Amino acid sequence: MGSARARRADGSSGTVSFRGKPIGPTAIATIRRLIRSRSDWTRRRLARVVCEHFGWRRPNGDPAIRSCLDLLCRLEQRKGLRLPPSQRRGVDRQRALQAPAVVSTAAPDPGFEPPGSSEPLVVRPIFPHEQAAWRFWLDREHYLGWRPMVGESIGYVAFWEDRAAAVLGWATGTLHNAVRDRFIGWDEAAKRRGLHRVVGNVRFLMLPEARGHSLASRILATNLRRLSRDWQERYGHPVWLAETFVDPTRFRGTCYRASNWLDLGLTQGWSRSGFRYERHDRPKRVFVYPLIRRAVERLCGVLPCASSAERKEVAAMLDVERLPLRGEGGLFELLGEVADPRKRRGIRHSVATVLALGTCAKLCGARSIEAIAQWAEDLPEETLRRFGCRRGRAPSEPTFRRLFGRLSPGELDRRVGTWLARRTPIEGKGVAIDGKTVRGSRDGEEAAVHLVGAVVHDEGVVVAQTRVAEKGNEITSVEPLLGGLDMEGAVITGDAIFTQKDIASYLVEQKNADYLFTVKDNQPTLKQDIEDLHLEAFPPSGQNAR
């Protein structure tokens, strides 16, 4: 996201730019007119109107209100623009200094809700009701105190054995960072397009009771693993590069070095003060951490990104820490039994690794082999190692294509469906069985592929599917479809083609399940019996019920 800035750093009147483009007299006159016509509005409401008028939007499509507020304040200082009085002056600072009632220097829980997880280390975004505690601890313990974070931002809290151990803050990357810009190698146009992909670690504070436990690097690494996914969920786009500034007179950046951040060198010793940049001659050390593979090439535009639709597929990430990958009943146990059709020579990734990555990519919405490969390449190196990737490198797109093309689709689908069924309790839930013809699967004279699948109603998870020769064979596909699944306590639903005595008996007697089928003209006797029973009042209404 771009931000407003002046070409002169001394604060004198001059050309004011927004996202690299100067704000001319015509635009300023339009803003003055909007202010005069809405003099009773707040600054934030006014900024929204200005954004809508000029079409200024953030990468996720929302109005760029914070950047516009910054621009309006600059115009007020440099061009004599008269804005409505600020209604929040000093309020945030005052709230930050008010500690929650539960906060105590001796309390084991300093104002945060314990995660209640079996994992000893948990890092998560703060809840809205925890913002006061988050601000309080930063203002009291951090040497920079608490200040409002600029642009898109997320606050985090880390727990060690259900006790709050650290608080962290992430915000939009800085506009002026010459050391980082040289490392990336982008020009001003590329920086304006890609700055919203850069995120800065603006605060990192170990709470008093957690100091001395050597947790800093572990907390930082755990936070990095989920950072891009959280950004995607909150702001509609992932982030590719993390940055931070370390004061070498106070710290050595040990936790960043231990987490494999790159030391790029020192800044020139300038800092922003209000709308001006002042030289303080205390250069900071710049560290960066690529959150995806080949992040620099993507930020520069050298490596073309996927289409917007495919980016939505690829950007979604799973919390791999919570996935049952290994151990009894894990995904690797099931996929490891699949026979590898490749020759042993030259194999770099096991069949279980490639199939597990493909399965998780599909769960994230990837609909093509290219999207699967893109999703895997975007995973952090540590996550790839958990999947069994050698040297933390993802399989290439040809690797996925070759393996998927040689495997038996039925065997793979059966194993993945079994794994999903174990992860999705279906007792008391509805499971729909239905047949669909796969669009675009017709190949010359060969008929299109027709599949019958079992889908859990609420979650939309496909727990099993099988291929049938034609639509009429759907009736005989139910037993092969559900044979390997535990359906006890489930309610099986289906359209009229499944309304058969043999299917109903199989579900009740062998699968210990209930059923709900549609009755149409394919069962004329049953349909007539239902009509003769006059079941219009079933279940009984409130008037007829006794």
# chains A, B, ... in the order shown; residues from 1 in each chain; ligands from 1
call {"tool": "select_by_dssp", "arguments": {"residues": "range 102-213 of chain A", "states": "strand (DSSP E or B)", "output": "PyMOL selection string"}}
result
chain A and resi 121-125+153-160+163-172+198-206
call {"tool": "residues_around", "arguments": {"residues": "Thr437 in chain A", "least_positions_apart": "3", "cutoff": "8 Å", "atoms": "only C-alpha atoms", "output": "list in words"}}
result
Ala448, Val449, His450 and Leu451 of chain A
call {"tool": "select_by_dssp", "arguments": {"residues": "range 205-420 of chain A", "states": "alpha helix (DSSP H)", "output": "PyMOL selection string"}}
result
chain A and resi 216-235+254-258+295-300+308-315+331-335+351-363+369-377+381-386+397-406+409-420
call {"tool": "residues_around", "arguments": {"residues": "range 153-159 of chain A", "least_positions_apart": "4", "cutoff": "6 Å", "atoms": "only C-alpha atoms", "output": "list in words"}}
result
Leu121, Val122, Val123, Arg124, Pro125, Ile126, Arg163, Ala164, Ala165, Ala166, Val167, Leu168, Gly169, Trp170 and Ala171 of chain A
call {"tool": "closest_residue", "arguments": {"among": "A:Val296, A:Ala210, A:Leu516, A:Leu334", "to": "Val198 in chain A", "atoms": "only C-alpha atoms"}}
result
A:Val296
call {"tool": "residues_around", "arguments": {"residues": "Ser228 in chain A", "least_positions_apart": "6", "cutoff": "8 Å", "atoms": "only C-alpha atoms", "output": "list in words"}}
result
Pro238, Val239, Trp240 and Leu291 of chain A
call {"tool": "write_last_selection", "arguments": {"atoms": "C-alpha atoms", "output": "JSON list (two decimals), in the first residue's frame"}}
result
[["chain", "number", "residue", "atom", "x", "y", "z"],
["A", 238, "PRO", "CA", -0.24, -12.55, 1.47],
["A", 239, "VAL", "CA", 3.09, -10.96, 2.37],
["A", 240, "TRP", "CA", 6.39, -12.08, 0.86],
["A", 291, "LEU", "CA", 8.52, -15.55, 3.65]]
call {"tool": "residues_around", "arguments": {"residues": "range 393-400 of chain A", "least_positions_apart": "2", "cutoff": "7 Å", "atoms": "only C-alpha atoms", "output": "JSON, numbers by chain"}}
result
{"A": [349, 354, 369, 370, 373, 376, 377, 381, 384, 389, 390, 391, 402, 403, 404]}
call {"tool": "residues_around", "arguments": {"residues": "Arg58 in chain A", "least_positions_apart": "4", "cutoff": "12 Å", "atoms": "only C-alpha atoms", "output": "number ranges by chain"}}
result
A: 1-3, 19, 51-52, 62-68, 151-152, 172, 192-197, 235-237
call {"tool": "write_last_selection", "arguments": {"atoms": "N, CA and C atoms", "output": "CSV table (one decimal), in the first residue's frame"}}
result
chain,number,residue,atom,x,y,z
A,1,MET,N,0.8,-1.2,0.0
A,1,MET,CA,0.0,0.0,0.0
A,1,MET,C,0.9,1.2,0.0
A,2,GLY,N,0.6,2.1,-0.9
A,2,GLY,CA,1.4,3.4,-1.0
A,2,GLY,C,1.0,4.3,0.1
A,3,SER,N,1.8,5.3,0.4
A,3,SER,CA,1.5,6.3,1.4
A,3,SER,C,1.8,7.7,0.9
A,19,ARG,N,1.4,8.1,-3.5
A,19,ARG,CA,1.7,7.0,-4.2
A,19,ARG,C,2.5,7.3,-5.4
A,51,CYS,N,-11.3,9.1,-0.9
A,51,CYS,CA,-10.8,7.9,-1.5
A,51,CYS,C,-11.8,7.4,-2.5
A,52,GLU,N,-13.1,7.4,-2.2
A,52,GLU,CA,-14.1,7.0,-3.2
A,52,GLU,C,-14.1,7.9,-4.4
A,62,ASP,N,-10.2,-2.4,-0.3
A,62,ASP,CA,-10.8,-1.4,0.6
A,62,ASP,C,-10.3,0.0,0.4
A,63,PRO,N,-11.0,1.0,0.8
A,63,PRO,CA,-10.5,2.4,0.6
A,63,PRO,C,-9.2,2.6,1.4
A,64,ALA,N,-8.3,3.3,0.9
A,64,ALA,CA,-7.0,3.6,1.5
A,64,ALA,C,-7.1,4.7,2.5
A,65,ILE,N,-7.9,4.5,3.6
A,65,ILE,CA,-8.3,5.6,4.5
A,65,ILE,C,-7.1,6.1,5.2
A,66,ARG,N,-6.2,5.2,5.8
A,66,ARG,CA,-5.1,5.7,6.6
A,66,ARG,C,-4.1,6.5,5.7
A,67,SER,N,-3.8,6.1,4.5
A,67,SER,CA,-3.0,6.8,3.6
A,67,SER,C,-3.6,8.2,3.3
A,68,CYS,N,-4.9,8.2,3.1
A,68,CYS,CA,-5.6,9.4,2.7
A,68,CYS,C,-5.6,10.4,3.9
A,151,GLY,N,-0.6,1.8,8.6
A,151,GLY,CA,-1.1,0.9,7.6
A,151,GLY,C,-1.7,-0.4,8.1
A,152,GLU,N,-1.6,-1.4,7.3
A,152,GLU,CA,-2.1,-2.7,7.7
A,152,GLU,C,-1.2,-3.3,8.8
A,172,THR,N,2.8,-2.5,8.0
A,172,THR,CA,3.2,-2.3,6.6
A,172,THR,C,4.7,-1.9,6.5
A,192,ARG,N,6.2,0.8,-5.6
A,192,ARG,CA,4.8,1.2,-5.3
A,192,ARG,C,3.8,0.0,-5.5
A,193,ARG,N,4.2,-0.9,-6.5
A,193,ARG,CA,3.3,-2.0,-6.7
A,193,ARG,C,3.5,-3.1,-5.7
A,194,GLY,N,4.7,-3.2,-5.1
A,194,GLY,CA,4.9,-4.4,-4.3
A,194,GLY,C,5.1,-4.1,-2.8
A,195,LEU,N,5.0,-2.8,-2.4
A,195,LEU,CA,5.3,-2.5,-1.0
A,195,LEU,C,4.3,-3.2,0.0
A,196,HIS,N,3.1,-3.4,-0.5
A,196,HIS,CA,2.1,-4.0,0.4
A,196,HIS,C,2.5,-5.5,0.7
A,197,ARG,N,3.4,-6.0,-0.1
A,197,ARG,CA,3.9,-7.4,0.2
A,197,ARG,C,5.0,-7.5,1.2
A,235,TYR,N,-6.4,-9.2,5.4
A,235,TYR,CA,-6.3,-8.1,4.5
A,235,TYR,C,-6.5,-8.5,3.0
A,236,GLY,N,-6.7,-9.8,2.8
A,236,GLY,CA,-7.0,-10.3,1.4
A,236,GLY,C,-5.8,-10.5,0.5
A,237,HIS,N,-4.5,-10.4,1.1
A,237,HIS,CA,-3.3,-10.7,0.3
A,237,HIS,C,-2.2,-11.2,1.2
call {"tool": "closest_residue", "arguments": {"among": "A:Arg250, A:Arg43, A:Lys501, A:Arg48", "to": "Tyr143 in chain A", "atoms": "only C-alpha atoms"}}
result
A:Arg250
call {"tool": "closest_residue", "arguments": {"among": "A:Val461, A:Ala513, A:Ala242, A:Leu335", "to": "Ala295 in chain A", "atoms": "only C-alpha atoms"}}
result
A:Ala242
